[in-house]
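start.cif (mmCIF, C-alpha atoms) appears below.
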data_structure
#
loop_
_atom_site.label_atom_id
_atom_site.label_comp_id
_atom_site.auth_asym_id
_atom_site.auth_seq_id
_atom_site.Cartn_x
_atom_site.Cartn_y
_atom_site.Cartn_z
CA MET A 1 0.00 0.00 0.00
CA LYS A 2 2.85 2.37 0.87
CA ARG A 3 4.55 1.58 -2.44
CA PHE A 4 1.35 2.44 -4.31
CA ALA A 5 0.96 5.78 -2.48
CA PHE A 6 4.62 6.65 -3.17
CA LYS A 7 4.14 5.91 -6.86
CA LYS A 8 1.11 8.26 -7.03
CA VAL A 9 3.08 11.05 -5.36
CA TYR A 10 6.02 10.47 -7.72
CA LEU A 11 3.77 10.64 -10.81
CA PHE A 12 2.10 13.85 -9.50
CA PHE A 13 5.37 15.71 -8.97
CA SER A 14 6.81 14.44 -12.28
CA SER A 15 3.81 15.77 -14.16
CA LEU A 16 3.99 19.07 -12.30
CA PHE A 17 7.68 19.44 -13.13
CA ILE A 18 7.09 18.78 -16.84
CA PHE A 19 4.21 21.32 -16.87
CA ILE A 20 6.40 24.01 -15.27
CA LEU A 21 9.13 23.40 -17.86
CA HIS A 22 6.69 23.96 -20.73
CA MET A 23 4.95 27.05 -19.33
CA PRO A 24 7.32 29.65 -20.96
CA PHE A 25 6.78 28.13 -24.40
CA VAL A 26 3.00 28.12 -23.99
CA PHE A 27 2.91 31.83 -23.07
CA ALA A 28 5.41 32.74 -25.81
CA LYS A 29 3.17 31.21 -28.48
CA THR A 30 0.10 32.91 -27.05
CA LYS A 31 1.84 36.32 -27.07
CA THR A 32 2.90 35.95 -30.70
CA ALA A 33 -0.63 35.01 -31.73
CA VAL A 34 -2.06 38.12 -30.03
CA GLY A 35 0.52 40.28 -31.79
CA PHE A 36 -0.50 38.96 -35.20
CA PHE A 37 -4.29 39.25 -34.94
CA ASP A 38 -4.83 42.15 -32.55
CA ASN A 39 -4.31 45.58 -34.14
CA ASN A 40 -3.78 47.10 -30.69
CA ALA A 41 -1.12 44.63 -29.64
CA SER A 42 2.35 45.99 -29.00
CA VAL A 43 4.08 42.88 -30.32
CA HIS A 44 4.60 42.88 -34.10
CA PRO A 45 4.33 39.62 -36.03
CA ILE A 46 7.23 37.99 -37.80
CA VAL A 47 6.42 38.15 -41.51
CA ALA A 48 7.61 35.58 -44.00
CA LYS A 49 9.98 36.73 -46.73
CA ASP A 50 7.39 36.17 -49.46
CA SER A 51 4.69 38.08 -47.58
CA PRO A 52 2.93 40.92 -49.49
CA LEU A 53 3.79 43.22 -46.58
CA VAL A 54 7.52 42.69 -47.06
CA ASN A 55 7.20 42.89 -50.84
CA ASN A 56 5.43 46.28 -50.58
CA ILE A 57 8.16 47.61 -48.29
CA ASN A 58 10.83 46.45 -50.76
CA VAL A 59 9.06 48.18 -53.63
CA ARG A 60 9.04 51.46 -51.74
CA ALA A 61 12.72 51.08 -50.92
CA GLU A 62 13.51 50.38 -54.57
CA GLU A 63 11.60 53.47 -55.64
CA MET A 64 13.60 55.59 -53.22
CA ASN A 65 16.87 54.17 -54.55
CA LEU A 66 15.81 54.43 -58.19
CA TYR A 67 16.19 58.20 -58.26
CA ASP A 68 19.83 57.97 -57.16
CA SER A 69 20.79 54.81 -59.03
CA LEU A 70 19.62 56.28 -62.36
CA ARG A 71 21.17 59.65 -61.47
CA LEU A 72 17.93 61.40 -62.30
CA GLY A 73 18.90 64.43 -60.26
CA SER A 74 22.02 65.03 -62.33
CA LEU A 75 19.86 64.80 -65.47
CA GLY A 76 17.61 67.56 -64.18
CA LEU A 77 14.60 65.76 -62.67
CA ALA A 78 13.61 67.45 -59.40
CA ARG A 79 13.44 65.08 -56.45
CA GLN A 80 10.07 66.55 -55.51
CA ALA A 81 8.73 65.73 -58.97
CA PHE A 82 9.93 62.14 -58.72
CA ASP A 83 8.55 61.62 -55.21
CA TYR A 84 5.12 62.99 -56.14
CA ALA A 85 5.13 60.92 -59.33
CA MET A 86 5.76 57.68 -57.45
CA LYS A 87 3.16 58.50 -54.83
CA GLY A 88 0.48 59.11 -57.44
CA PHE A 89 1.60 56.11 -59.49
CA ASN A 90 1.05 53.87 -56.48
CA VAL A 91 -2.39 55.43 -55.96
CA MET A 92 -3.38 54.79 -59.57
CA LYS A 93 -2.03 51.25 -59.38
CA ALA A 94 -3.99 50.57 -56.18
CA ILE A 95 -7.30 51.63 -57.75
CA GLY A 96 -6.64 49.68 -60.94
CA GLU A 97 -6.19 52.64 -63.26
CA VAL A 98 -2.80 51.56 -64.57
CA SER A 99 -2.93 48.45 -66.74
CA ASN A 100 0.79 48.65 -67.51
CA ASP A 101 2.68 49.32 -64.27
CA HIS A 102 6.12 48.74 -65.77
CA ILE A 103 6.44 52.25 -67.19
CA ILE A 104 6.07 55.74 -65.75
CA SER A 105 6.58 59.03 -67.60
CA ILE A 106 7.36 62.25 -65.76
CA ILE A 107 7.32 65.78 -67.21
CA ASP A 108 9.04 68.26 -64.93
CA PHE A 109 7.69 71.74 -65.65
CA SER A 110 9.83 73.22 -62.89
CA LYS A 111 12.51 73.24 -65.61
CA PRO A 112 12.65 75.59 -68.62
CA SER A 113 11.71 74.23 -72.03
CA SER A 114 15.34 74.59 -73.09
CA GLU A 115 16.13 71.59 -70.85
CA LYS A 116 15.23 67.94 -71.36
CA ARG A 117 12.34 67.59 -68.95
CA LEU A 118 10.58 64.40 -70.08
CA PHE A 119 11.72 61.22 -68.33
CA VAL A 120 10.40 57.78 -69.33
CA ILE A 121 11.39 55.16 -66.77
CA ASP A 122 11.18 51.38 -67.00
CA LEU A 123 10.33 50.43 -63.41
CA ALA A 124 10.51 46.71 -64.08
CA ASN A 125 14.09 46.78 -65.36
CA TYR A 126 15.33 49.93 -63.57
CA LYS A 127 16.22 51.80 -66.77
CA LEU A 128 15.80 55.33 -68.03
CA LEU A 129 14.42 54.78 -71.53
CA PHE A 130 14.06 58.37 -72.75
CA ASN A 131 15.10 61.82 -71.56
CA THR A 132 14.20 64.53 -74.02
CA TYR A 133 12.50 67.87 -74.68
CA VAL A 134 8.79 68.48 -74.32
CA ALA A 135 6.74 71.58 -75.11
CA HIS A 136 4.09 73.28 -72.97
CA GLY A 137 1.03 75.34 -73.90
CA MET A 138 1.56 78.77 -75.45
CA GLN A 139 -0.54 80.49 -72.78
CA SER A 140 1.30 78.76 -69.94
CA GLY A 141 4.42 80.86 -70.42
CA LYS A 142 7.42 81.28 -72.68
CA GLU A 143 10.55 79.66 -71.28
CA PHE A 144 8.80 78.31 -68.18
CA ALA A 145 5.30 76.88 -67.82
CA LYS A 146 3.77 78.90 -64.99
CA GLN A 147 0.04 79.03 -65.69
CA PHE A 148 -2.20 76.00 -66.05
CA SER A 149 -5.80 75.33 -66.93
CA ASN A 150 -8.34 72.57 -67.50
CA ARG A 151 -10.54 74.88 -69.55
CA PRO A 152 -11.17 74.21 -73.27
CA GLU A 153 -9.49 76.66 -75.67
CA SER A 154 -7.26 78.02 -72.91
CA ASN A 155 -4.15 76.88 -74.81
CA LYS A 156 -2.59 76.10 -71.44
CA SER A 157 -1.02 72.91 -70.13
CA SER A 158 -2.78 70.88 -67.45
CA LEU A 159 -0.86 69.36 -64.54
CA GLY A 160 -1.41 66.07 -62.76
CA PHE A 161 -1.80 62.39 -63.45
CA TYR A 162 -2.90 60.84 -66.72
CA GLU A 163 -3.43 57.34 -68.02
CA THR A 164 -2.23 56.84 -71.58
CA GLN A 165 -4.71 55.40 -74.07
CA GLY A 166 -4.55 54.31 -77.70
CA THR A 167 -2.89 55.86 -80.74
CA TYR A 168 -4.34 57.45 -83.86
CA ILE A 169 -3.25 59.38 -86.95
CA GLY A 170 -4.46 62.98 -86.83
CA GLY A 171 -3.54 66.48 -87.89
CA ASN A 172 -0.23 66.16 -86.04
CA GLY A 173 0.48 62.69 -87.37
CA TYR A 174 0.99 59.72 -85.08
CA SER A 175 -0.49 60.74 -81.72
CA LEU A 176 -1.37 59.30 -78.31
CA LYS A 177 -4.61 59.98 -76.47
CA LEU A 178 -4.49 60.87 -72.76
CA ASN A 179 -7.10 60.37 -70.06
CA GLY A 180 -6.88 63.00 -67.31
CA MET A 181 -7.35 61.34 -63.93
CA GLU A 182 -7.94 64.40 -61.74
CA LYS A 183 -11.36 66.04 -61.71
CA GLY A 184 -11.23 69.79 -62.20
CA ILE A 185 -7.51 69.67 -62.92
CA ASN A 186 -7.03 67.70 -66.14
CA ASP A 187 -10.20 65.65 -66.73
CA ASN A 188 -11.05 67.74 -69.82
CA ALA A 189 -8.03 66.31 -71.66
CA ASN A 190 -10.13 64.37 -74.19
CA ARG A 191 -12.52 67.26 -74.68
CA ARG A 192 -9.58 69.61 -75.26
CA ALA A 193 -7.80 67.08 -77.54
CA ILE A 194 -4.76 67.11 -75.27
CA VAL A 195 -2.55 64.39 -76.74
CA ILE A 196 1.10 63.50 -77.16
CA HIS A 197 2.38 64.15 -80.67
CA GLY A 198 5.51 65.21 -82.50
CA ALA A 199 6.22 68.81 -83.53
CA GLU A 200 8.92 70.54 -85.56
CA TYR A 201 9.17 73.34 -82.99
CA VAL A 202 10.38 70.85 -80.35
CA ASP A 203 13.96 70.95 -81.55
CA GLU A 204 17.33 72.21 -80.38
CA SER A 205 17.58 74.52 -83.41
CA PHE A 206 14.51 76.37 -82.12
CA ILE A 207 16.15 76.71 -78.70
CA HIS A 208 19.31 78.12 -80.29
CA SER A 209 17.35 80.77 -82.18
CA GLN A 210 14.75 81.70 -79.53
CA GLY A 211 16.18 80.57 -76.21
CA TYR A 212 13.22 78.28 -75.59
CA LEU A 213 11.11 75.70 -77.42
CA GLY A 214 8.11 76.46 -79.53
CA ARG A 215 4.82 76.00 -77.76
CA SER A 216 1.68 73.98 -78.34
CA TRP A 217 -2.03 74.56 -77.75
CA GLY A 218 -1.68 72.66 -74.49
CA CYS A 219 -0.33 69.31 -75.65
CA PRO A 220 2.95 67.85 -74.35
CA ALA A 221 4.53 67.84 -77.81
CA LEU A 222 7.75 65.88 -78.43
CA PRO A 223 10.63 65.97 -80.94
CA GLN A 224 9.65 64.59 -84.35
CA ARG A 225 12.56 62.16 -84.41
CA LEU A 226 11.56 60.53 -81.11
CA HIS A 227 7.81 60.84 -80.69
CA LYS A 228 6.88 57.56 -82.42
CA ALA A 229 9.35 55.51 -80.39
CA ILE A 230 8.23 57.15 -77.13
CA ILE A 231 4.53 56.75 -77.91
CA ASP A 232 4.96 53.06 -78.68
CA VAL A 233 6.61 52.51 -75.29
CA ILE A 234 4.15 54.44 -73.14
CA LYS A 235 0.82 53.79 -74.91
CA ASN A 236 -2.07 51.68 -73.59
CA GLY A 237 -2.38 52.16 -69.86
CA THR A 238 0.80 53.64 -68.42
CA CYS A 239 1.02 56.53 -65.97
CA LEU A 240 2.04 60.03 -67.06
CA PHE A 241 2.64 62.73 -64.45
CA ILE A 242 3.04 66.39 -65.36
CA PHE A 243 4.62 68.24 -62.45
CA SER A 244 5.06 71.84 -61.41
CA PRO A 245 5.66 73.25 -57.92
CA ASP A 246 2.33 75.02 -58.40
CA GLN A 247 0.75 75.43 -54.98
CA ASN A 248 -2.80 75.47 -56.34
CA TYR A 249 -2.29 72.05 -57.90
CA LEU A 250 -0.33 70.57 -55.00
CA SER A 251 -2.99 71.65 -52.51
CA HIS A 252 -5.98 70.48 -54.59
CA SER A 253 -4.79 67.17 -56.02
CA ARG A 254 -6.89 64.48 -54.36
CA ILE A 255 -4.47 61.83 -55.51
CA LEU A 256 -1.58 63.45 -53.69
CA ASN A 257 -3.40 64.71 -50.59
CA HIS A 258 -6.24 62.44 -49.54
CA PRO A 259 -5.57 61.47 -45.88
CA GLN A 260 -7.41 58.14 -46.03
CA GLY A 261 -5.21 56.50 -48.61
CA PRO A 262 -5.28 55.68 -52.30
CA MET A 263 -8.70 54.05 -52.54
CA MET A 264 -10.44 57.39 -51.81
CA ALA A 265 -8.16 59.59 -53.89
CA TYR A 266 -9.54 58.99 -57.36
CA LYS A 267 -11.64 61.97 -58.48
#
Show me, as structure tokens, the structure contained in the file I just sent.
Amino acid sequence: MKRFAFKKVYLFFSSLFIFILHMPFVFAKTKTAVGFFDNNASVHPIVAKDSPLVNNINVRAEEMNLYDSLRLGSLGLARQAFDYAMKGFNVMKAIGEVSNDHIISIIDFSKPSSEKRLFVIDLANYKLLFNTYVAHGMQSGKEFAKQFSNRPESNKSSLGFYETQGTYIGGNGYSLKLNGMEKGINDNANRRAIVIHGAEYVDESFIHSQGYLGRSWGCPALPQRLHKAIIDVIKNGTCLFIFSPDQNYLSHSRILNHPQGPMMAYK
């Protein structure tokens, strides 16, 4: 009888000892689980390397490094223009308004027309595909584009984000339609026939004689020798951003300023 009682006591204390040894691991697992599912938890989850969260962070880091790795600053692209362009690009991508997210085009109107202020960037392969001249509207200014409008027959450039559409042959030859993505800022682009096309006045010889490029009726016109190649790269659903440090635009762009994120920014 004594041997049986001793055996019961031995089994009790053995079980208790094993339970105490495993207690830290039980609580550690519970704490990690709370950190993953509870938004208010102070413990952050460990995310796998192929997680969308990590992939999104890497994309943002790559975008930040792209400006320096391609030496865009030394080529004349303002850092502010690039940062705004990538912010709006990610907004448009999030709402499904960019069917080709490999390419982004940036026009930097903070620069004079005598400088190459169009930048076409291959985001998938980290390459600068084109860097060339681009004209602004005749009523936006001479050397610099300083005034902008969404109004028909204003002959002014419109700022903001566009989605490229299809091509056609018109009065200016091979041209690319643009869809303005910002209500009240550039959404009259189709109505105004704002397109990308080639023009003889977008040429270095014009700069040498006048000090600035010739001007359009509001279209971002390109050099004749390059416009077909550029159009064929950026057509059909890529993002175009026309930038100026214009405070009216920067303060009214819903894409750039909406506090609740990209899904609420569109128009």
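With only C-alpha atoms taken into account, the protein and nucleic acid residues at most 12 Å from Gly184 of chain A (excluding it and anything under 4 positions from it in its own chain) are Phe148, Ser149, Asn150, Arg151, Pro152, Ser158, Leu159, Gly160, Gly180, Asn188, Ala189, Asn248, Tyr249, His252, Ser253, Arg254, Tyr266 and Lys267 of chain A.
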Problem - Residues within 9 Å of (10.7, 50.0, -64.4), file coords, all atoms listed in the file, listed as a ChimeraX atom specification - result: /A:101-104,121-128
Residues of the last selection are to be written out with C-alpha atoms, as a compact mmCIF listing (two decimals), in the coordinates of the input.
# COMPACT_ATOMS: atom_id res chain seq x y z
CA ASP A 101 2.68 49.32 -64.27
CA HIS A 102 6.12 48.74 -65.77
CA ILE A 103 6.44 52.25 -67.19
CA ILE A 104 6.07 55.74 -65.75
CA ILE A 121 11.39 55.16 -66.77
CA ASP A 122 11.18 51.38 -67.00
CA LEU A 123 10.33 50.43 -63.41
CA ALA A 124 10.51 46.71 -64.08
CA ASN A 125 14.09 46.78 -65.36
CA TYR A 126 15.33 49.93 -63.57
CA LYS A 127 16.22 51.80 -66.77
CA LEU A 128 15.80 55.33 -68.03
Practice task
Tell me, in Å to one decimal, how far atom CA of Ala193 of chain A is from atom CA of Phe161 of chain A.
Solution key: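 So the answer is 16.0 Å.
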Exercise for the section: Have a look at atom CA of Ser105 of chain A and atom CA of His208 of chain A and let me know their distance in Å, one decimal. Expected result: 26.2 Å
Exercise for the section: Would you list the residues near (8.6, 76.4, -80.2) (no more than 10 Å away, in the coordinates of the file, using all atoms listed in the file) as a PyMOL selection string? Expected result: chain A and resi 113-114+134-138+142-143+199-207+209-216+221
Handout entry: Selection dump of the PyMOL selection byres ((chain A and resi 62-77) around 12), as a PyMOL selection string
Key = chain A and resi 55-61+78-87+89-90+104-133+242-244
Deliver the residues from the most recent selection as a file, using C-alpha atoms, as a PDB file, in the frame of the given file.
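What ended up in again-v1.pdb:
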ATOM      1  CA  ASN A  55       7.200  42.890 -50.840  1.00  0.00           C
ATOM      2  CA  ASN A  56       5.430  46.280 -50.580  1.00  0.00           C
ATOM      3  CA  ILE A  57       8.160  47.610 -48.290  1.00  0.00           C
ATOM      4  CA  ASN A  58      10.830  46.450 -50.760  1.00  0.00           C
ATOM      5  CA  VAL A  59       9.060  48.180 -53.630  1.00  0.00           C
ATOM      6  CA  ARG A  60       9.040  51.460 -51.740  1.00  0.00           C
ATOM      7  CA  ALA A  61      12.720  51.080 -50.920  1.00  0.00           C
ATOM      8  CA  ALA A  78      13.610  67.450 -59.400  1.00  0.00           C
ATOM      9  CA  ARG A  79      13.440  65.080 -56.450  1.00  0.00           C
ATOM     10  CA  GLN A  80      10.070  66.550 -55.510  1.00  0.00           C
ATOM     11  CA  ALA A  81       8.730  65.730 -58.970  1.00  0.00           C
ATOM     12  CA  PHE A  82       9.930  62.140 -58.720  1.00  0.00           C
ATOM     13  CA  ASP A  83       8.550  61.620 -55.210  1.00  0.00           C
ATOM     14  CA  TYR A  84       5.120  62.990 -56.140  1.00  0.00           C
ATOM     15  CA  ALA A  85       5.130  60.920 -59.330  1.00  0.00           C
ATOM     16  CA  MET A  86       5.760  57.680 -57.450  1.00  0.00           C
ATOM     17  CA  LYS A  87       3.160  58.500 -54.830  1.00  0.00           C
ATOM     18  CA  PHE A  89       1.600  56.110 -59.490  1.00  0.00           C
ATOM     19  CA  ASN A  90       1.050  53.870 -56.480  1.00  0.00           C
ATOM     20  CA  ILE A 104       6.070  55.740 -65.750  1.00  0.00           C
ATOM     21  CA  SER A 105       6.580  59.030 -67.600  1.00  0.00           C
ATOM     22  CA  ILE A 106       7.360  62.250 -65.760  1.00  0.00           C
ATOM     23  CA  ILE A 107       7.320  65.780 -67.210  1.00  0.00           C
ATOM     24  CA  ASP A 108       9.040  68.260 -64.930  1.00  0.00           C
ATOM     25  CA  PHE A 109       7.690  71.740 -65.650  1.00  0.00           C
ATOM     26  CA  SER A 110       9.830  73.220 -62.890  1.00  0.00           C
ATOM     27  CA  LYS A 111      12.510  73.240 -65.610  1.00  0.00           C
ATOM     28  CA  PRO A 112      12.650  75.590 -68.620  1.00  0.00           C
ATOM     29  CA  SER A 113      11.710  74.230 -72.030  1.00  0.00           C
ATOM     30  CA  SER A 114      15.340  74.590 -73.090  1.00  0.00           C
ATOM     31  CA  GLU A 115      16.130  71.590 -70.850  1.00  0.00           C
ATOM     32  CA  LYS A 116      15.230  67.940 -71.360  1.00  0.00           C
ATOM     33  CA  ARG A 117      12.340  67.590 -68.950  1.00  0.00           C
ATOM     34  CA  LEU A 118      10.580  64.400 -70.080  1.00  0.00           C
ATOM     35  CA  PHE A 119      11.720  61.220 -68.330  1.00  0.00           C
ATOM     36  CA  VAL A 120      10.400  57.780 -69.330  1.00  0.00           C
ATOM     37  CA  ILE A 121      11.390  55.160 -66.770  1.00  0.00           C
ATOM     38  CA  ASP A 122      11.180  51.380 -67.000  1.00  0.00           C
ATOM     39  CA  LEU A 123      10.330  50.430 -63.410  1.00  0.00           C
ATOM     40  CA  ALA A 124      10.510  46.710 -64.080  1.00  0.00           C
ATOM     41  CA  ASN A 125      14.090  46.780 -65.360  1.00  0.00           C
ATOM     42  CA  TYR A 126      15.330  49.930 -63.570  1.00  0.00           C
ATOM     43  CA  LYS A 127      16.220  51.800 -66.770  1.00  0.00           C
ATOM     44  CA  LEU A 128      15.800  55.330 -68.030  1.00  0.00           C
ATOM     45  CA  LEU A 129      14.420  54.780 -71.530  1.00  0.00           C
ATOM     46  CA  PHE A 130      14.060  58.370 -72.750  1.00  0.00           C
ATOM     47  CA  ASN A 131      15.100  61.820 -71.560  1.00  0.00           C
ATOM     48  CA  THR A 132      14.200  64.530 -74.020  1.00  0.00           C
ATOM     49  CA  TYR A 133      12.500  67.870 -74.680  1.00  0.00           C
ATOM     50  CA  ILE A 242       3.040  66.390 -65.360  1.00  0.00           C
ATOM     51  CA  PHE A 243       4.620  68.240 -62.450  1.00  0.00           C
ATOM     52  CA  SER A 244       5.060  71.840 -61.410  1.00  0.00           C
TER      53      SER A 244
END
Completion exercise
Using all atoms listed in the file, the residue out of A:Gln139, A:Gly198, A:Ser154, A:Gln147 with shortest distance to Gly170 of chain A is A:Gly198
Completion exercise
A straight line from atom CA of Lys235 of chain A to atom CA of Lys156 of chain A spans 22.8 Å
Problem - Given only C-alpha atoms as the counted atoms, nearest of A:Val195, A:Leu256, A:Leu250, A:Pro220 to Ser175 of chain A - result: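 The answer is A:Val195, which sits nearest to Ser175 of chain A.
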Problem - Among the residues A:Gly141, A:Phe241, A:Ile231, A:Asn100, the one that comes closest to Ile255 of chain A [using only C-alpha atoms] - result: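 Under the stated criterion, the closest residue is A:Phe241.
Using only C-alpha atoms, the nearest neighbour of Arg192 of chain A within the list A:Tyr174, A:Tyr162, A:Trp217, A:Phe144 is A:Trp217.
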